[in-house]
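Student: This is coords-v4.cif, which holds mmCIF, C-alpha atoms:
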data_final
loop_
_atom_site.label_atom_id
_atom_site.label_comp_id
_atom_site.auth_asym_id
_atom_site.auth_seq_id
_atom_site.Cartn_x
_atom_site.Cartn_y
_atom_site.Cartn_z
CA MET L 1 -12.79 -15.54 13.73
CA SER L 2 -10.89 -12.49 14.64
CA ASP L 3 -9.44 -14.43 17.51
CA TYR L 4 -5.86 -13.71 17.94
CA GLU L 5 -3.85 -16.83 17.78
CA ASN L 6 -0.27 -17.66 17.42
CA ASP L 7 -0.18 -21.36 17.43
CA THR L 8 0.89 -22.08 13.90
CA ASP L 9 3.39 -24.82 13.77
CA ASP L 10 5.10 -24.10 10.54
CA ASN L 11 6.39 -27.48 9.77
CA ASN L 12 3.62 -29.98 10.15
CA ALA L 13 2.37 -29.57 6.60
CA VAL L 14 5.76 -30.00 5.06
CA ASP L 15 6.63 -33.47 3.98
CA ALA L 16 10.18 -34.64 3.86
CA ALA L 17 10.42 -34.62 0.07
CA ASN L 18 9.52 -30.91 -0.20
CA ALA L 19 11.81 -29.96 2.54
CA GLN L 20 14.71 -31.52 0.72
CA GLU L 21 14.12 -29.81 -2.59
CA ALA L 22 13.43 -26.31 -1.38
CA PRO L 23 13.35 -26.19 2.41
CA VAL L 24 13.53 -22.43 2.78
CA ALA L 25 10.90 -21.67 0.14
CA VAL L 26 8.54 -24.24 1.59
CA ALA L 27 9.02 -22.98 5.14
CA VAL L 28 8.31 -19.40 4.05
CA LEU L 29 5.30 -20.43 1.95
CA THR L 30 3.86 -22.50 4.78
CA HIS L 31 4.27 -19.72 7.30
CA ILE L 32 2.54 -17.20 5.06
CA VAL L 33 -0.37 -19.36 3.97
CA LYS L 34 -1.12 -20.66 7.44
CA ASN L 35 -1.30 -17.14 8.76
CA ILE L 36 -3.73 -16.04 6.09
CA VAL L 37 -6.26 -18.89 6.04
CA ASP L 38 -9.11 -19.66 8.40
CA ASP L 39 -8.09 -23.27 8.79
CA PRO L 40 -4.32 -23.64 9.12
CA ASP L 41 -4.60 -27.38 9.67
CA ALA L 42 -6.07 -27.86 6.20
CA VAL L 43 -3.03 -26.34 4.50
CA SER L 44 -0.85 -28.74 2.61
CA ILE L 45 1.96 -28.23 0.17
CA SER L 46 3.21 -30.71 -2.36
CA THR L 47 5.62 -30.38 -5.22
CA SER L 48 5.50 -31.15 -8.90
CA VAL L 49 7.47 -30.29 -11.99
CA GLY L 50 6.24 -26.95 -13.23
CA ARG L 51 6.78 -24.92 -16.36
CA GLY L 52 10.29 -24.84 -17.70
CA SER L 53 11.19 -27.67 -15.32
CA LYS L 54 10.90 -25.30 -12.38
CA LEU L 55 9.94 -26.78 -9.09
CA SER L 56 6.25 -26.12 -8.57
CA LEU L 57 5.03 -25.71 -5.02
CA ASP L 58 1.38 -26.67 -5.03
CA VAL L 59 -0.67 -25.24 -2.21
CA SER L 60 -4.04 -26.57 -1.24
CA VAL L 61 -6.17 -25.04 1.46
CA GLY L 62 -9.43 -25.74 3.23
CA PRO L 63 -12.85 -25.01 1.75
CA GLY L 64 -13.45 -21.30 1.42
CA ASP L 65 -9.85 -20.34 2.04
CA LEU L 66 -8.71 -20.21 -1.58
CA GLY L 67 -10.12 -16.74 -2.15
CA ARG L 68 -8.26 -15.54 0.88
CA VAL L 69 -4.84 -16.65 -0.33
CA ILE L 70 -5.50 -15.33 -3.82
CA GLY L 71 -6.87 -11.99 -2.69
CA ARG L 72 -8.40 -9.17 -4.64
CA ARG L 73 -7.36 -9.42 -8.28
CA GLY L 74 -4.82 -12.05 -7.34
CA ARG L 75 -2.81 -9.53 -5.41
CA THR L 76 -2.15 -11.67 -2.37
CA ALA L 77 -1.17 -14.62 -4.58
CA GLN L 78 1.26 -12.39 -6.43
CA SER L 79 2.83 -11.17 -3.21
CA ILE L 80 3.18 -14.74 -1.99
CA ARG L 81 4.96 -15.68 -5.23
CA THR L 82 7.33 -12.74 -4.96
CA VAL L 83 8.34 -13.59 -1.40
CA VAL L 84 8.58 -17.34 -1.95
CA ARG L 85 10.72 -16.91 -5.08
CA ALA L 86 13.07 -14.73 -3.10
CA ALA L 87 13.22 -17.38 -0.40
CA ALA L 88 13.96 -20.06 -3.00
CA THR L 89 17.23 -18.40 -3.90
CA GLN L 90 18.43 -19.62 -0.49
CA ASP L 91 17.68 -23.11 -1.78
CA GLY L 92 19.36 -22.51 -5.10
CA VAL L 93 16.25 -23.40 -7.09
CA ASP L 94 13.64 -21.61 -9.17
CA VAL L 95 10.12 -22.17 -7.95
CA ASP L 96 6.57 -21.51 -9.02
CA VAL L 97 3.72 -21.34 -6.58
CA GLU L 98 0.40 -22.79 -7.67
CA PHE L 99 -2.82 -22.59 -5.73
CA ILE L 100 -4.83 -25.74 -6.20
CA ASP L 101 -8.59 -25.51 -6.40
CA ASP L 102 -10.23 -28.75 -5.36
CA MET V 1 -8.55 8.75 7.91
CA GLU V 2 -7.85 11.91 6.06
CA TRP V 3 -9.02 12.93 2.66
CA VAL V 4 -6.95 14.86 0.22
CA GLU V 5 -8.44 17.01 -2.47
CA THR V 6 -6.67 17.52 -5.76
CA THR V 7 -7.24 19.10 -9.12
CA GLY V 8 -6.00 18.21 -12.55
CA ILE V 9 -6.75 18.73 -16.21
CA SER V 10 -8.71 15.49 -16.25
CA VAL V 11 -10.27 13.29 -13.62
CA ALA V 12 -7.57 10.69 -14.22
CA ASP V 13 -4.92 13.34 -13.77
CA ALA V 14 -6.42 14.59 -10.54
CA LYS V 15 -6.69 11.03 -9.27
CA SER V 16 -3.09 10.24 -9.87
CA ILE V 17 -1.97 13.45 -8.20
CA ALA V 18 -4.04 12.35 -5.23
CA LEU V 19 -2.32 8.96 -5.31
CA ASP V 20 1.02 10.71 -5.25
CA GLN V 21 0.02 12.76 -2.28
CA LEU V 22 -1.21 9.76 -0.39
CA GLY V 23 1.71 7.69 -1.51
CA ILE V 24 -0.41 4.68 -2.35
CA ALA V 25 -1.47 2.58 -5.31
CA GLU V 26 -4.82 3.04 -6.99
CA ASP V 27 -6.11 -0.22 -5.52
CA ASP V 28 -5.69 1.17 -2.04
CA ALA V 29 -7.50 4.39 -2.67
CA GLU V 30 -11.07 5.51 -2.51
CA PHE V 31 -12.14 8.33 -4.80
CA GLU V 32 -14.94 10.76 -5.06
CA VAL V 33 -15.18 12.96 -8.12
CA ILE V 34 -16.20 16.39 -6.98
CA GLU V 35 -16.09 18.17 -10.27
CA GLU V 36 -15.58 17.10 -13.85
CA PRO V 37 -13.69 19.44 -16.16
CA LYS V 38 -16.05 21.33 -18.42
CA ALA V 39 -15.48 21.16 -22.13
CA GLY V 40 -14.78 24.58 -23.60
CA LEU V 41 -14.53 25.87 -27.13
CA PHE V 42 -12.16 24.27 -29.63
CA GLY V 43 -11.78 21.18 -27.49
CA ARG V 44 -10.10 23.08 -24.73
CA THR V 45 -11.10 22.26 -21.25
CA ARG V 46 -12.17 25.03 -19.00
CA GLY V 47 -11.97 24.44 -15.32
CA GLU V 48 -10.20 21.62 -13.67
CA ALA V 49 -11.25 18.21 -12.55
CA ARG V 50 -11.47 17.97 -8.83
CA VAL V 51 -11.40 14.74 -6.86
CA ARG V 52 -11.21 13.74 -3.28
CA ALA V 53 -9.31 10.65 -2.24
CA ARG V 54 -8.23 8.82 0.81
CA VAL V 55 -6.65 5.56 1.76
CA ARG V 56 -9.31 2.94 1.35
CA PRO V 57 -10.16 1.50 4.73
CA ALA V 58 -9.26 -2.13 4.58
CA VAL V 59 -12.35 -4.26 4.37
CA VAL V 60 -11.66 -7.92 4.77
CA ARG V 61 -15.12 -9.36 4.87
CA GLY V 62 -18.69 -8.31 4.98
CA LYS V 63 -18.57 -6.32 1.80
CA PRO V 64 -22.29 -6.82 1.25
CA GLU V 65 -22.94 -5.08 4.56
CA ARG V 66 -21.28 -1.90 3.42
CA LYS V 67 -23.52 1.05 2.98
CA PRO V 68 -21.63 3.34 0.66
CA ARG V 69 -24.81 5.10 -0.48
CA ALA V 70 -25.82 6.25 2.90
CA SER V 71 -22.37 7.44 3.81
CA ALA V 72 -21.91 9.25 0.53
CA ASP V 73 -25.10 11.16 1.17
CA LYS V 74 -23.94 12.04 4.61
CA ARG V 75 -20.75 13.47 3.27
CA LYS V 76 -22.61 15.54 0.76
CA GLU V 77 -24.62 17.11 3.54
CA SER V 78 -21.52 18.04 5.40
CA SER V 79 -20.23 20.12 2.53
CA PRO V 80 -23.08 21.72 0.65
CA ASN V 81 -20.81 24.18 -1.07
CA ARG V 82 -19.65 21.97 -3.85
CA SER V 83 -21.33 23.82 -6.67
CA LYS V 84 -19.23 25.41 -9.36
CA ASP V 85 -19.35 28.76 -7.71
CA GLY V 86 -18.41 27.40 -4.36
CA ALA V 87 -15.61 25.30 -5.73
CA LYS V 88 -12.87 27.80 -5.23
CA LYS V 89 -13.86 28.53 -1.72
CA GLU V 90 -14.16 24.86 -1.00
CA ARG V 91 -10.64 24.27 -2.11
CA SER V 92 -9.04 26.70 0.26
CA ASN V 93 -11.10 25.45 3.14
CA SER V 94 -10.63 21.82 2.57
CA THR V 95 -6.94 21.81 3.22
CA SER V 96 -7.35 22.86 6.81
CA PRO V 97 -6.84 19.95 9.13
CA ASN V 98 -9.91 20.73 11.20
CA ARG V 99 -12.18 20.12 8.34
CA THR V 100 -10.83 16.76 7.44
CA ARG V 101 -10.97 15.63 11.04
CA GLU V 102 -14.64 16.40 11.24
CA ARG V 103 -15.61 14.11 8.45
CA PRO V 104 -17.88 11.31 9.50
CA VAL V 105 -16.45 7.85 9.59
CA VAL V 106 -17.66 6.31 6.41
CA ARG V 107 -17.40 2.59 6.86
CA ASP V 108 -19.48 1.06 9.52
CA THR V 109 -17.34 -0.71 12.01
CA THR V 110 -20.15 -1.25 14.45
CA ASP V 111 -20.10 -5.00 14.15
CA ARG V 112 -16.54 -5.16 15.39
CA PRO V 113 -14.97 -3.96 18.57
CA PRO V 114 -12.41 -1.21 18.09
CA VAL V 115 -9.06 -2.61 17.14
CA ASP V 116 -6.15 -1.98 19.40
CA PRO V 117 -3.28 -0.77 17.21
CA ASP V 118 -0.83 -2.33 19.64
CA LYS V 119 -2.40 -5.66 18.86
CA VAL V 120 -2.01 -5.05 15.12
CA GLY V 121 1.65 -4.29 15.68
CA GLU V 122 2.03 -7.38 17.79
CA VAL V 123 0.45 -9.66 15.18
CA ALA V 124 2.57 -8.06 12.46
CA ALA V 125 5.71 -8.50 14.54
CA ILE V 126 5.00 -12.17 15.20
CA PHE V 127 4.31 -12.79 11.52
CA LEU V 128 7.50 -11.00 10.49
CA THR V 129 9.56 -12.85 13.06
CA GLY V 130 8.25 -16.09 11.56
CA ILE V 131 9.08 -15.00 8.01
CA THR V 132 12.56 -13.92 9.00
CA GLU V 133 13.22 -17.27 10.66
CA ALA V 134 11.74 -19.18 7.73
CA PHE V 135 14.10 -17.27 5.44
CA GLY V 136 16.94 -18.48 7.59
CA CYS V 137 17.85 -14.90 8.42
CA LYS V 138 18.65 -13.31 11.72
CA GLY V 139 16.89 -10.10 12.56
CA SER V 140 15.30 -8.24 15.42
CA VAL V 141 11.76 -7.06 15.01
CA ALA V 142 10.52 -3.85 16.58
CA VAL V 143 7.22 -2.03 16.55
CA LYS V 144 6.93 1.74 16.48
CA ARG V 145 3.57 3.29 16.93
CA ASP V 146 2.35 6.81 16.35
CA GLU V 147 -1.39 6.91 17.01
CA ASP V 148 -2.91 4.86 14.21
CA GLU V 149 0.28 4.59 12.22
CA ILE V 150 2.37 1.57 12.89
CA GLU V 151 5.79 0.80 11.55
CA VAL V 152 7.25 -2.62 12.12
CA THR V 153 10.94 -2.91 11.42
CA VAL V 154 13.24 -5.86 10.95
CA ASP V 155 16.88 -5.05 11.56
CA GLY V 156 19.91 -7.19 11.07
CA ASP V 157 22.68 -8.10 8.70
CA GLU V 158 22.15 -9.93 5.46
CA LEU V 159 18.49 -9.17 5.10
CA GLY V 160 18.95 -8.12 1.48
CA LEU V 161 17.03 -11.11 0.24
CA MET V 162 13.97 -9.92 2.11
CA VAL V 163 14.28 -6.49 0.56
CA GLY V 164 14.73 -7.62 -3.01
CA PRO V 165 15.42 -5.63 -6.16
CA ARG V 166 14.19 -2.08 -5.59
CA GLY V 167 12.41 -3.22 -2.47
CA ALA V 168 10.02 -5.49 -4.38
CA THR V 169 10.22 -8.32 -1.88
CA LEU V 170 9.85 -5.90 1.00
CA LEU V 171 6.69 -4.52 -0.59
CA ALA V 172 5.27 -8.00 -1.03
CA ILE V 173 6.08 -8.83 2.58
CA GLN V 174 4.36 -5.64 3.67
CA ASP V 175 1.34 -6.56 1.60
CA LEU V 176 1.14 -9.97 3.21
CA THR V 177 1.66 -8.58 6.70
CA ARG V 178 -1.29 -6.29 6.11
CA VAL V 179 -3.39 -9.19 4.92
CA VAL V 180 -2.44 -11.19 8.00
CA SER V 181 -3.09 -8.44 10.50
CA GLN V 182 -6.41 -7.57 8.89
CA ARG V 183 -7.33 -11.18 8.71
CA ARG V 184 -6.61 -11.78 12.35
CA LEU V 185 -7.96 -8.60 13.79
CA GLY V 186 -10.36 -7.21 11.25
CA ASP V 187 -8.26 -4.10 11.38
CA GLN V 188 -9.84 -1.20 9.58
CA VAL V 189 -8.21 1.92 10.83
CA THR V 190 -4.57 1.25 11.33
CA ARG V 191 -1.95 2.07 8.76
CA LEU V 192 0.80 -0.44 8.79
CA ARG V 193 4.22 -0.04 7.24
CA ILE V 194 7.10 -2.42 7.18
CA ASP V 195 10.75 -1.59 6.90
CA ILE V 196 13.50 -4.14 6.57
CA ALA V 197 17.20 -3.44 7.07
CA ARG V 198 16.33 0.27 7.15
CA TYR V 199 15.74 0.11 3.41
CA ARG V 200 12.87 2.56 3.36
CA GLU V 201 14.57 4.92 5.73
CA ARG V 202 17.74 5.01 3.68
CA ARG V 203 15.81 5.23 0.45
CA ARG V 204 13.81 8.15 1.85
CA GLU V 205 16.98 9.93 2.82
CA ALA V 206 18.77 9.25 -0.44
CA LEU V 207 15.77 10.21 -2.52
CA GLY V 208 15.32 13.40 -0.51
CA ARG V 209 18.96 14.36 -1.07
CA PHE V 210 18.69 13.57 -4.76
CA ALA V 211 15.49 15.60 -5.10
CA ASN V 212 17.12 18.59 -3.43
CA LYS V 213 20.10 18.36 -5.71
CA VAL V 214 17.89 18.28 -8.79
CA ALA V 215 15.81 21.17 -7.45
CA GLN V 216 18.94 23.25 -6.97
CA GLU V 217 20.00 22.58 -10.56
CA VAL V 218 16.55 23.41 -11.88
CA LYS V 219 16.52 26.64 -9.94
CA GLU V 220 19.93 27.64 -11.25
CA SER V 221 19.43 26.62 -14.87
CA GLY V 222 15.77 27.57 -15.12
CA GLU V 223 15.16 24.34 -16.99
CA ALA V 224 12.67 21.70 -15.92
CA ARG V 225 13.94 18.22 -15.16
CA MET V 226 12.07 14.99 -15.54
CA LEU V 227 12.98 12.24 -13.10
CA GLU V 228 12.91 8.55 -13.84
CA PRO V 229 9.61 6.71 -13.38
CA MET V 230 8.91 5.87 -9.74
CA MET V 231 6.27 4.22 -7.63
CA SER V 232 3.76 6.49 -5.97
CA ALA V 233 5.36 6.17 -2.54
CA ASP V 234 8.67 7.37 -3.95
CA ARG V 235 7.05 10.18 -5.88
CA LYS V 236 5.44 11.27 -2.66
CA ILE V 237 8.86 11.47 -1.04
CA VAL V 238 10.07 13.71 -3.86
CA HIS V 239 6.99 15.94 -3.71
CA ASP V 240 7.25 16.18 0.07
CA SER V 241 10.92 16.94 0.22
CA LEU V 242 10.57 19.72 -2.35
CA ALA V 243 7.35 21.17 -0.99
CA GLU V 244 9.30 23.79 0.93
CA PHE V 245 11.97 24.31 -1.68
CA GLU V 246 11.74 27.88 -2.97
CA GLY V 247 11.78 28.52 -6.67
CA VAL V 248 10.65 25.14 -7.95
CA THR V 249 7.43 23.22 -8.16
CA THR V 250 6.80 19.52 -8.70
CA ARG V 251 4.15 17.56 -10.48
CA SER V 252 3.72 14.04 -11.80
CA GLN V 253 3.02 13.05 -15.34
CA GLY V 254 2.68 9.89 -17.37
CA GLU V 255 0.66 6.78 -16.86
CA ASP V 256 1.06 3.85 -14.49
CA ALA V 257 4.57 2.44 -14.51
CA GLN V 258 5.80 5.37 -16.61
CA ARG V 259 4.61 7.95 -14.15
CA ARG V 260 7.36 10.32 -13.14
CA VAL V 261 7.97 13.52 -11.29
CA VAL V 262 8.79 16.71 -13.13
CA VAL V 263 10.64 19.43 -11.27
CA GLU V 264 9.96 22.82 -12.78
CA PRO V 265 11.28 26.27 -12.06
CA ILE V 266 8.76 28.81 -10.88
CA VAL V 267 8.99 31.65 -13.36
CA THR V 268 8.16 35.01 -11.96
CA ALA V 269 7.11 36.97 -15.01
#
Render the structure in this file as structure tokens.

Tutor:
Amino acid sequence: MSDYENDTDDNNAVDAANAQEAPVAVAVLTHIVKNIVDDPDAVSISTSVGRGSKLSLDVSVGPGDLGRVIGRRGRTAQSIRTVVRAAATQDGVDVDVEFIDD
Amino acid sequence: MEWVETTGISVADAKSIALDQLGIAEDDAEFEVIEEPKAGLFGRTRGEARVRARVRPAVVRGKPERKPRASADKRKESSPNRSKDGAKKERSNSTSPNRTRERPVVRDTTDRPPVDPDKVGEVAAIFLTGITEAFGCKGSVAVKRDEDEIEVTVDGDELGLMVGPRGATLLAIQDLTRVVSQRRLGDQVTRLRIDIARYRERRREALGRFANKVAQEVKESGEARMLEPMMSADRKIVHDSLAEFEGVTTRSQGEDAQRRVVVEPIVTA
């Protein structure tokens, strides 16, 4: 589990629709989440219309990985949002990041 | 990792002074209250609160396995002199580097092999390279290591987006890089800092110059100056750069986001 690996392919969870709407934000989000979770292959990102008609990037992760991306007191989730929102300015859109529990 | 010992009029006060000294947020700190202030007559407090603090060793998993009790007891044994009478003595001793070095390692790391700081730097560098590329930015990533302290830097033009307003994005990236390197390596001992586009370095320099300018004015006018609210890391820079400045002293006051440094003249009565 502490194996050191660097095999994350950042783009295989990104479908074409996401990539069109906010390619930079999605690439950044994918890179971050895949590096935090236990199971990078289970990471998927979809989009929906969020609050205030912002683009919502909805992240789902493998079983047991949700706590990891949210972190203590939601700190990791907050950091992810900060970075991804910054990235989204490259795309010219406002985004929200939601972590889906399923 | 080293402990700092601070005093204040209340425990909360002593804690936040400790946070300033360590340059970290409360979440990242571990405290031990050594002495509570004693209530005196007419609601005055006699004696100061004394706390000990250090950077909380990052624990990613296995929280249930921690044995804080046992380690706390061990620490107590190593410094029996913490009674009220011994407090003064304790204080002068505890600042010597030897003492802090001798402290037993508190967290058990026995279930993990020792982490190679170079590996932490390497993982951090790979993660940051990926972020930089994902941002569509061009930057070169370098790792500097000084014993257990690691600084990973991203240099290049047009990295402002990754720094963000007042370094907010940079801080978030640093946070995530720590999560990633701990996650991958179970790192518990290494302190990892990130700098992007030399933001921190320049901020350190600028803040140091500003602090010195204010200190000079305070010294000349004899009037205390209150600086704007800053994060603990920035307050630490101010405290540090004025530590050697003759004729003034610094302290922090206020709560949370309103916490700010006050530069005061030392009055020789």

Student: What's the separation between atom CA of Ile196 of chain V and atom CA of Arg85 of chain L, in Å to one decimal place?

Tutor: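 If I compute the distance from atom CA of Ile196 of chain V to atom CA of Arg85 of chain L, I get 17.5 Å.
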
Student: Do a neighbour search on Gly23 of chain V at 9 Å with only C-alpha atoms, toss out local chain neighbours closer than 4 positions, and write the hits as a list in words.

Tutor: Ala18, Leu19, Met231, Ser232, Ala233, Asp234, Arg235, Lys236 and Ile237 of chain V

Student: Please determine the contact residues of chain L with respect to chain V at a cut-off of 9 Å, counting only C-alpha atoms, and supply them as a PyMOL selection string.

Tutor: chain L and resi 1-6+10+23-29+31-32+35-38+68+71+75-76+78-83+86-90

Student: Quick check, in Å to one decimal: how far apart do atom CA of Pro117 of chain V and atom CA of Thr129 of chain V lie?

Tutor: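 Here the two named atoms are 18.1 Å from each other.
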
Student: Could you jot down the atom CA of Gly67 of chain L to atom CA of Val33 of chain L separation for me, Å, one decimal place?

Tutor: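 Separation between atom CA of Gly67 of chain L and atom CA of Val33 of chain L: 11.8 Å.
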
Student: So that I can check the surroundings of Asp94 of chain L, please list as a list in words every protein, DNA and RNA residue that reaches within 9 Å of it, counting all atoms listed in the file and ignoring chain neighbours fewer than 2 positions away.

Tutor: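 Non-adjacent residues within range: Ser53, Lys54, Leu55, Ser56, Arg85, Ala88, Thr89, Asp91, Gly92 and Asp96 of chain L.
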
Student: Using the chain letters and numbers from this file, what does the PyMOL selection byres ((chain L and resi 43) around 8) select? Give the answer as a list in words.

Tutor: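 When the PyMOL selection byres ((chain L and resi 43) around 8) is applied to the shown file, the picked residues are Ala13, Thr30, Val33, Lys34, Asp39, Pro40, Asp41, Ala42, Ser44, Ile45, Val59, Ser60, Val61 and Gly62 of chain L.
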
Student: Find the spatial neighbours of Ala197 of chain V, counting all atoms listed in the file, within a cut-off of 12 Å - ignore same-chain residues fewer than 3 positions away - and output them as an NGL selection string.

Tutor: :V and (132 or 137-142 or 152-164 or 167 or 170 or 194 or 200-203)
